[in-house]
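K.L.:
Sharing structure.cif below, mmCIF, N, CA and C atoms:
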```
data_work
#
loop_
_atom_site.label_atom_id
_atom_site.label_comp_id
_atom_site.auth_asym_id
_atom_site.auth_seq_id
_atom_site.Cartn_x
_atom_site.Cartn_y
_atom_site.Cartn_z
N MET A 1 46.12 127.80 20.01
CA MET A 1 45.87 128.44 21.29
C MET A 1 47.21 128.92 21.84
N LYS A 2 47.29 130.16 22.23
CA LYS A 2 48.49 130.72 22.81
C LYS A 2 48.50 130.47 24.31
N ALA A 3 49.66 130.17 24.84
CA ALA A 3 49.80 129.98 26.28
C ALA A 3 49.81 131.35 26.95
N THR A 4 49.19 131.44 28.09
CA THR A 4 49.19 132.69 28.83
C THR A 4 50.47 132.78 29.64
N PRO A 5 50.81 133.96 30.13
CA PRO A 5 52.04 134.10 30.91
C PRO A 5 52.06 133.25 32.17
N VAL A 6 50.91 132.80 32.63
CA VAL A 6 50.89 131.99 33.85
C VAL A 6 51.01 130.50 33.56
N LEU A 7 51.36 130.16 32.33
CA LEU A 7 51.51 128.76 31.96
C LEU A 7 52.87 128.27 32.44
N PHE A 8 52.86 127.17 33.17
CA PHE A 8 54.10 126.59 33.66
C PHE A 8 54.21 125.17 33.13
N LEU A 9 55.35 124.86 32.57
CA LEU A 9 55.59 123.52 32.05
C LEU A 9 56.86 123.01 32.68
N PHE A 10 56.74 121.94 33.45
CA PHE A 10 57.91 121.37 34.10
C PHE A 10 58.24 120.06 33.43
N LEU A 11 59.38 120.00 32.83
CA LEU A 11 59.84 118.75 32.26
C LEU A 11 61.07 118.35 33.06
N SER A 12 60.86 117.53 34.06
CA SER A 12 61.98 117.15 34.91
C SER A 12 63.01 116.35 34.16
N LEU A 13 62.62 115.75 33.05
CA LEU A 13 63.59 115.01 32.24
C LEU A 13 64.68 115.96 31.77
N ILE A 14 64.29 117.17 31.36
CA ILE A 14 65.27 118.15 30.91
C ILE A 14 66.06 118.66 32.11
N ALA A 15 65.37 118.98 33.19
CA ALA A 15 66.03 119.53 34.36
C ALA A 15 66.98 118.53 35.00
N LEU A 16 66.61 117.27 35.01
CA LEU A 16 67.41 116.25 35.67
C LEU A 16 68.19 115.38 34.69
N GLY A 17 68.03 115.62 33.41
CA GLY A 17 68.63 114.77 32.40
C GLY A 17 70.12 114.59 32.57
N GLY A 18 70.84 115.69 32.75
CA GLY A 18 72.29 115.59 32.93
C GLY A 18 72.65 114.83 34.18
N THR A 19 71.96 115.10 35.27
CA THR A 19 72.21 114.41 36.52
C THR A 19 71.93 112.93 36.39
N LEU A 20 70.80 112.59 35.78
CA LEU A 20 70.44 111.18 35.62
C LEU A 20 71.37 110.46 34.67
N ALA A 21 71.85 111.16 33.64
CA ALA A 21 72.76 110.53 32.70
C ALA A 21 74.06 110.16 33.41
N VAL A 22 74.57 111.07 34.23
CA VAL A 22 75.78 110.78 34.98
C VAL A 22 75.52 109.69 36.01
N ALA A 23 74.39 109.80 36.73
CA ALA A 23 74.06 108.79 37.74
C ALA A 23 73.84 107.45 37.08
N GLY A 24 73.26 107.45 35.88
CA GLY A 24 72.99 106.20 35.18
C GLY A 24 74.25 105.46 34.82
N GLU A 25 75.35 106.19 34.56
CA GLU A 25 76.61 105.53 34.24
C GLU A 25 77.11 104.74 35.44
N TYR A 26 76.87 105.26 36.63
CA TYR A 26 77.36 104.61 37.83
C TYR A 26 76.36 103.61 38.40
N ALA A 27 75.07 103.86 38.17
CA ALA A 27 74.04 103.01 38.76
C ALA A 27 73.55 101.95 37.78
N GLY A 28 74.09 101.92 36.60
CA GLY A 28 73.62 100.95 35.61
C GLY A 28 72.26 101.37 35.09
N ASP A 29 71.43 100.41 34.75
CA ASP A 29 70.12 100.70 34.19
C ASP A 29 69.06 100.95 35.25
N ASP A 30 69.45 100.98 36.52
CA ASP A 30 68.48 101.16 37.60
C ASP A 30 68.03 102.61 37.75
N ALA A 31 68.76 103.55 37.13
CA ALA A 31 68.39 104.96 37.24
C ALA A 31 67.06 105.18 36.52
N GLU A 32 66.13 105.85 37.20
CA GLU A 32 64.80 106.08 36.64
C GLU A 32 64.69 107.51 36.16
N LYS A 33 64.26 107.68 34.91
CA LYS A 33 64.04 109.01 34.35
C LYS A 33 62.56 109.32 34.45
N LYS A 34 62.24 110.55 34.85
CA LYS A 34 60.84 110.94 34.98
C LYS A 34 60.58 112.17 34.14
N MET A 35 59.40 112.21 33.53
CA MET A 35 58.94 113.39 32.82
C MET A 35 57.62 113.78 33.46
N VAL A 36 57.57 115.00 33.97
CA VAL A 36 56.39 115.49 34.68
C VAL A 36 55.94 116.78 34.02
N ILE A 37 54.63 116.93 33.87
CA ILE A 37 54.08 118.15 33.27
C ILE A 37 53.04 118.73 34.22
N ALA A 38 53.03 120.06 34.33
CA ALA A 38 52.03 120.77 35.13
C ALA A 38 51.66 122.03 34.35
N LEU A 39 50.38 122.31 34.24
CA LEU A 39 49.91 123.45 33.46
C LEU A 39 48.97 124.31 34.29
N THR A 40 49.14 125.62 34.18
CA THR A 40 48.21 126.56 34.79
C THR A 40 47.91 127.64 33.76
N THR A 41 46.64 127.80 33.41
CA THR A 41 46.22 128.84 32.48
C THR A 41 45.08 129.61 33.12
N ASP A 42 44.55 130.57 32.41
CA ASP A 42 43.39 131.31 32.90
C ASP A 42 42.15 130.42 32.95
N ASP A 43 42.13 129.35 32.13
CA ASP A 43 40.95 128.50 32.01
C ASP A 43 40.97 127.24 32.85
N PHE A 44 42.16 126.72 33.15
CA PHE A 44 42.24 125.46 33.89
C PHE A 44 43.59 125.31 34.56
N GLU A 45 43.66 124.34 35.46
CA GLU A 45 44.91 123.99 36.12
C GLU A 45 45.06 122.48 36.10
N LEU A 46 46.22 122.02 35.70
CA LEU A 46 46.54 120.60 35.70
C LEU A 46 47.70 120.39 36.66
N ASP A 47 47.44 119.68 37.77
CA ASP A 47 48.49 119.42 38.74
C ASP A 47 49.59 118.60 38.09
N GLN A 48 50.73 118.52 38.76
CA GLN A 48 51.85 117.75 38.22
C GLN A 48 51.39 116.34 37.87
N THR A 49 51.65 115.97 36.63
CA THR A 49 51.23 114.68 36.10
C THR A 49 52.45 113.97 35.53
N ASP A 50 52.72 112.77 36.01
CA ASP A 50 53.84 111.98 35.52
C ASP A 50 53.46 111.38 34.17
N VAL A 51 54.22 111.71 33.13
CA VAL A 51 53.97 111.17 31.79
C VAL A 51 55.15 110.30 31.33
N SER A 52 55.95 109.85 32.28
CA SER A 52 57.13 109.03 31.97
C SER A 52 56.76 107.74 31.28
N HIS A 53 55.57 107.23 31.55
CA HIS A 53 55.16 105.94 30.99
C HIS A 53 54.81 106.02 29.51
N LEU A 54 54.67 107.24 28.97
CA LEU A 54 54.31 107.38 27.56
C LEU A 54 55.51 107.15 26.67
N GLY A 55 55.36 106.26 25.70
CA GLY A 55 56.39 106.07 24.69
C GLY A 55 56.16 107.06 23.57
N ILE A 56 57.15 107.23 22.72
CA ILE A 56 57.02 108.15 21.59
C ILE A 56 55.84 107.71 20.74
N GLY A 57 54.93 108.66 20.49
CA GLY A 57 53.72 108.39 19.72
C GLY A 57 52.52 108.04 20.59
N ASP A 58 52.75 107.77 21.88
CA ASP A 58 51.65 107.48 22.79
C ASP A 58 51.00 108.78 23.27
N ALA A 59 49.75 108.67 23.68
CA ALA A 59 49.01 109.84 24.15
C ALA A 59 48.22 109.50 25.41
N GLU A 60 47.93 110.52 26.17
CA GLU A 60 47.09 110.39 27.36
C GLU A 60 46.07 111.53 27.33
N THR A 61 44.83 111.22 27.66
CA THR A 61 43.77 112.22 27.68
C THR A 61 43.32 112.46 29.11
N ILE A 62 43.21 113.73 29.46
CA ILE A 62 42.76 114.13 30.79
C ILE A 62 41.61 115.12 30.60
N VAL A 63 40.53 114.94 31.34
CA VAL A 63 39.41 115.87 31.31
C VAL A 63 39.45 116.67 32.61
N THR A 64 39.48 118.00 32.48
CA THR A 64 39.57 118.86 33.66
C THR A 64 38.21 118.94 34.36
N GLU A 65 38.22 119.54 35.55
CA GLU A 65 36.98 119.68 36.32
C GLU A 65 35.94 120.51 35.58
N ASN A 66 36.39 121.46 34.75
CA ASN A 66 35.43 122.29 34.02
C ASN A 66 35.11 121.73 32.63
N GLY A 67 35.53 120.49 32.37
CA GLY A 67 35.13 119.80 31.15
C GLY A 67 36.04 119.95 29.95
N GLN A 68 37.17 120.63 30.10
CA GLN A 68 38.09 120.75 28.97
C GLN A 68 38.89 119.46 28.82
N THR A 69 39.15 119.10 27.57
CA THR A 69 39.92 117.89 27.29
C THR A 69 41.36 118.27 26.99
N ILE A 70 42.29 117.67 27.73
CA ILE A 70 43.71 117.90 27.51
C ILE A 70 44.31 116.60 27.00
N ASP A 71 44.89 116.65 25.81
CA ASP A 71 45.57 115.50 25.24
C ASP A 71 47.07 115.75 25.30
N LEU A 72 47.80 114.80 25.86
CA LEU A 72 49.25 114.89 25.96
C LEU A 72 49.83 113.86 25.00
N LEU A 73 50.57 114.31 23.99
CA LEU A 73 51.15 113.43 22.98
C LEU A 73 52.66 113.43 23.13
N ARG A 74 53.23 112.26 23.38
CA ARG A 74 54.68 112.12 23.54
C ARG A 74 55.33 112.14 22.17
N THR A 75 56.30 113.02 22.00
CA THR A 75 57.06 113.13 20.75
C THR A 75 58.54 112.90 21.05
N GLU A 76 59.34 112.86 20.01
CA GLU A 76 60.78 112.72 20.20
C GLU A 76 61.35 113.93 20.94
N ASP A 77 60.70 115.08 20.79
CA ASP A 77 61.19 116.32 21.41
C ASP A 77 60.60 116.59 22.78
N GLY A 78 59.64 115.81 23.23
CA GLY A 78 59.01 116.04 24.52
C GLY A 78 57.54 115.72 24.49
N ILE A 79 56.71 116.70 24.84
CA ILE A 79 55.27 116.52 24.91
C ILE A 79 54.57 117.63 24.14
N ASP A 80 53.63 117.26 23.27
CA ASP A 80 52.73 118.23 22.65
C ASP A 80 51.45 118.23 23.46
N VAL A 81 50.94 119.42 23.78
CA VAL A 81 49.75 119.57 24.60
C VAL A 81 48.63 120.13 23.73
N PHE A 82 47.51 119.43 23.69
CA PHE A 82 46.33 119.87 22.95
C PHE A 82 45.22 120.14 23.96
N VAL A 83 44.57 121.29 23.85
CA VAL A 83 43.44 121.63 24.71
C VAL A 83 42.21 121.71 23.81
N ASP A 84 41.25 120.84 24.07
CA ASP A 84 40.04 120.75 23.25
C ASP A 84 40.39 120.63 21.77
N GLY A 85 41.42 119.84 21.47
CA GLY A 85 41.80 119.55 20.09
C GLY A 85 42.72 120.57 19.45
N GLU A 86 43.05 121.66 20.16
CA GLU A 86 43.89 122.71 19.61
C GLU A 86 45.27 122.67 20.26
N LEU A 87 46.33 122.65 19.43
CA LEU A 87 47.69 122.59 19.93
C LEU A 87 48.01 123.84 20.74
N LEU A 88 48.50 123.64 21.96
CA LEU A 88 48.89 124.74 22.83
C LEU A 88 50.28 125.19 22.41
N ASP A 89 50.42 126.47 22.10
CA ASP A 89 51.69 127.03 21.66
C ASP A 89 52.53 127.34 22.89
N LEU A 90 53.54 126.51 23.14
CA LEU A 90 54.37 126.69 24.33
C LEU A 90 55.60 127.51 24.01
#
```
Translate the structure described by the file into structure tokens.
P.N.:
Amino acid sequence: MKATPVLFLFLSLIALGGTLAVAGEYAGDDAEKKMVIALTTDDFELDQTDVSHLGIGDAETIVTENGQTIDLLRTEDGIDVFVDGELLDL
């Protein structure tokens, strides 16, 4: 499945990674890293969802209001998004 131009993917881990890495050096292990994903397509909208709790290889399933199944799979490179079993090409 191809992503439409209105698809937005926010990975705050990437956006804040450098800041958190520097802050983490000064704050010790108390610095919290967050990974948040939000999707908007022609078919559905997924509000910002915190996926920080997912370890590599873990997955979370979300069913949208119109019945589509979104599977979020945590990988070493970030998150793979599957819509109704089909990998979303980001």
K.L.:
Find the distance between atom CA of A:Leu46 and atom CA of A:Thr64 and write it in Å to one decimal.
P.N.:
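If I compute the distance from atom CA of A:Leu46 to atom CA of A:Thr64, I get 7.5 Å.
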K.L.:
Quick one: residues within 9 Å of stretch 66-75 of chain A, only C-alpha atoms, excluding same-chain residues fewer than 2 positions away - as a list in words?
P.N.:
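Near neighbours after the sequence-gap exclusion: Asp43, Phe44, Val51, Leu54, Gly55, Ile56, Gly57, Asp58, Ala59, Glu60, Thr61, Ile62, Val63, Thr64, Asp77, Gly78, Ile79, Asp80, Val81, Phe82, Val83, Asp84 and Gly85 of chain A.
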K.L.:
Write a file of the just-selected residues containing N, CA and C atoms, as a compact mmCIF listing (two decimals), keeping the file's coordinate frame.
P.N.:
```txt
# COMPACT_ATOMS: atom_id res chain seq x y z
N ASP A 43 42.13 129.35 32.13
CA ASP A 43 40.95 128.50 32.01
C ASP A 43 40.97 127.24 32.85
N PHE A 44 42.16 126.72 33.15
CA PHE A 44 42.24 125.46 33.89
C PHE A 44 43.59 125.31 34.56
N VAL A 51 54.22 111.71 33.13
CA VAL A 51 53.97 111.17 31.79
C VAL A 51 55.15 110.30 31.33
N LEU A 54 54.67 107.24 28.97
CA LEU A 54 54.31 107.38 27.56
C LEU A 54 55.51 107.15 26.67
N GLY A 55 55.36 106.26 25.70
CA GLY A 55 56.39 106.07 24.69
C GLY A 55 56.16 107.06 23.57
N ILE A 56 57.15 107.23 22.72
CA ILE A 56 57.02 108.15 21.59
C ILE A 56 55.84 107.71 20.74
N GLY A 57 54.93 108.66 20.49
CA GLY A 57 53.72 108.39 19.72
C GLY A 57 52.52 108.04 20.59
N ASP A 58 52.75 107.77 21.88
CA ASP A 58 51.65 107.48 22.79
C ASP A 58 51.00 108.78 23.27
N ALA A 59 49.75 108.67 23.68
CA ALA A 59 49.01 109.84 24.15
C ALA A 59 48.22 109.50 25.41
N GLU A 60 47.93 110.52 26.17
CA GLU A 60 47.09 110.39 27.36
C GLU A 60 46.07 111.53 27.33
N THR A 61 44.83 111.22 27.66
CA THR A 61 43.77 112.22 27.68
C THR A 61 43.32 112.46 29.11
N ILE A 62 43.21 113.73 29.46
CA ILE A 62 42.76 114.13 30.79
C ILE A 62 41.61 115.12 30.60
N VAL A 63 40.53 114.94 31.34
CA VAL A 63 39.41 115.87 31.31
C VAL A 63 39.45 116.67 32.61
N THR A 64 39.48 118.00 32.48
CA THR A 64 39.57 118.86 33.66
C THR A 64 38.21 118.94 34.36
N ASP A 77 60.70 115.08 20.79
CA ASP A 77 61.19 116.32 21.41
C ASP A 77 60.60 116.59 22.78
N GLY A 78 59.64 115.81 23.23
CA GLY A 78 59.01 116.04 24.52
C GLY A 78 57.54 115.72 24.49
N ILE A 79 56.71 116.70 24.84
CA ILE A 79 55.27 116.52 24.91
C ILE A 79 54.57 117.63 24.14
N ASP A 80 53.63 117.26 23.27
CA ASP A 80 52.73 118.23 22.65
C ASP A 80 51.45 118.23 23.46
N VAL A 81 50.94 119.42 23.78
CA VAL A 81 49.75 119.57 24.60
C VAL A 81 48.63 120.13 23.73
N PHE A 82 47.51 119.43 23.69
CA PHE A 82 46.33 119.87 22.95
C PHE A 82 45.22 120.14 23.96
N VAL A 83 44.57 121.29 23.85
CA VAL A 83 43.44 121.63 24.71
C VAL A 83 42.21 121.71 23.81
N ASP A 84 41.25 120.84 24.07
CA ASP A 84 40.04 120.75 23.25
C ASP A 84 40.39 120.63 21.77
N GLY A 85 41.42 119.84 21.47
CA GLY A 85 41.80 119.55 20.09
C GLY A 85 42.72 120.57 19.45
```
K.L.:
For the file shown, report as a list in words the outcome of the PyMOL selection byres (((chain A and resi 48 and name CA) around 6) and name CA) at residue level.
P.N.:
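Against this file, the PyMOL selection byres (((chain A and resi 48 and name CA) around 6) and name CA) returns the residues Ile37, Ala38, Asp47 and Thr49 of chain A.
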K.L.:
Between atom CA of A:His53 and atom N of A:Glu32, what is the spacing in Å?
P.N.:
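Answer for the atom N of A:Glu32 to atom CA of A:His53 separation: 12.6 Å.
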K.L.:
Distance atom C of A:Thr41-atom CA of A:Leu88, one decimal place?
P.N.:
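Answer for the atom C of A:Thr41 to atom CA of A:Leu88 separation: 12.0 Å.
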K.L.:
Identify the residues around (60.3, 107.8, 32.9) within a radius of 6 Å, measuring from only C-alpha atoms in the coordinates stated by the file, and give them as JSON, numbers by chain.
P.N.:
{"A": [33, 34, 35, 52, 53]}
K.L.:
Run DSSP on the backbone and tell me which residues of stretch 48-81 of chain A come out as strand (DSSP E or B); list them as a ChimeraX atom specification.
P.N.:
/A:48-50,59-63,69-75,78-81
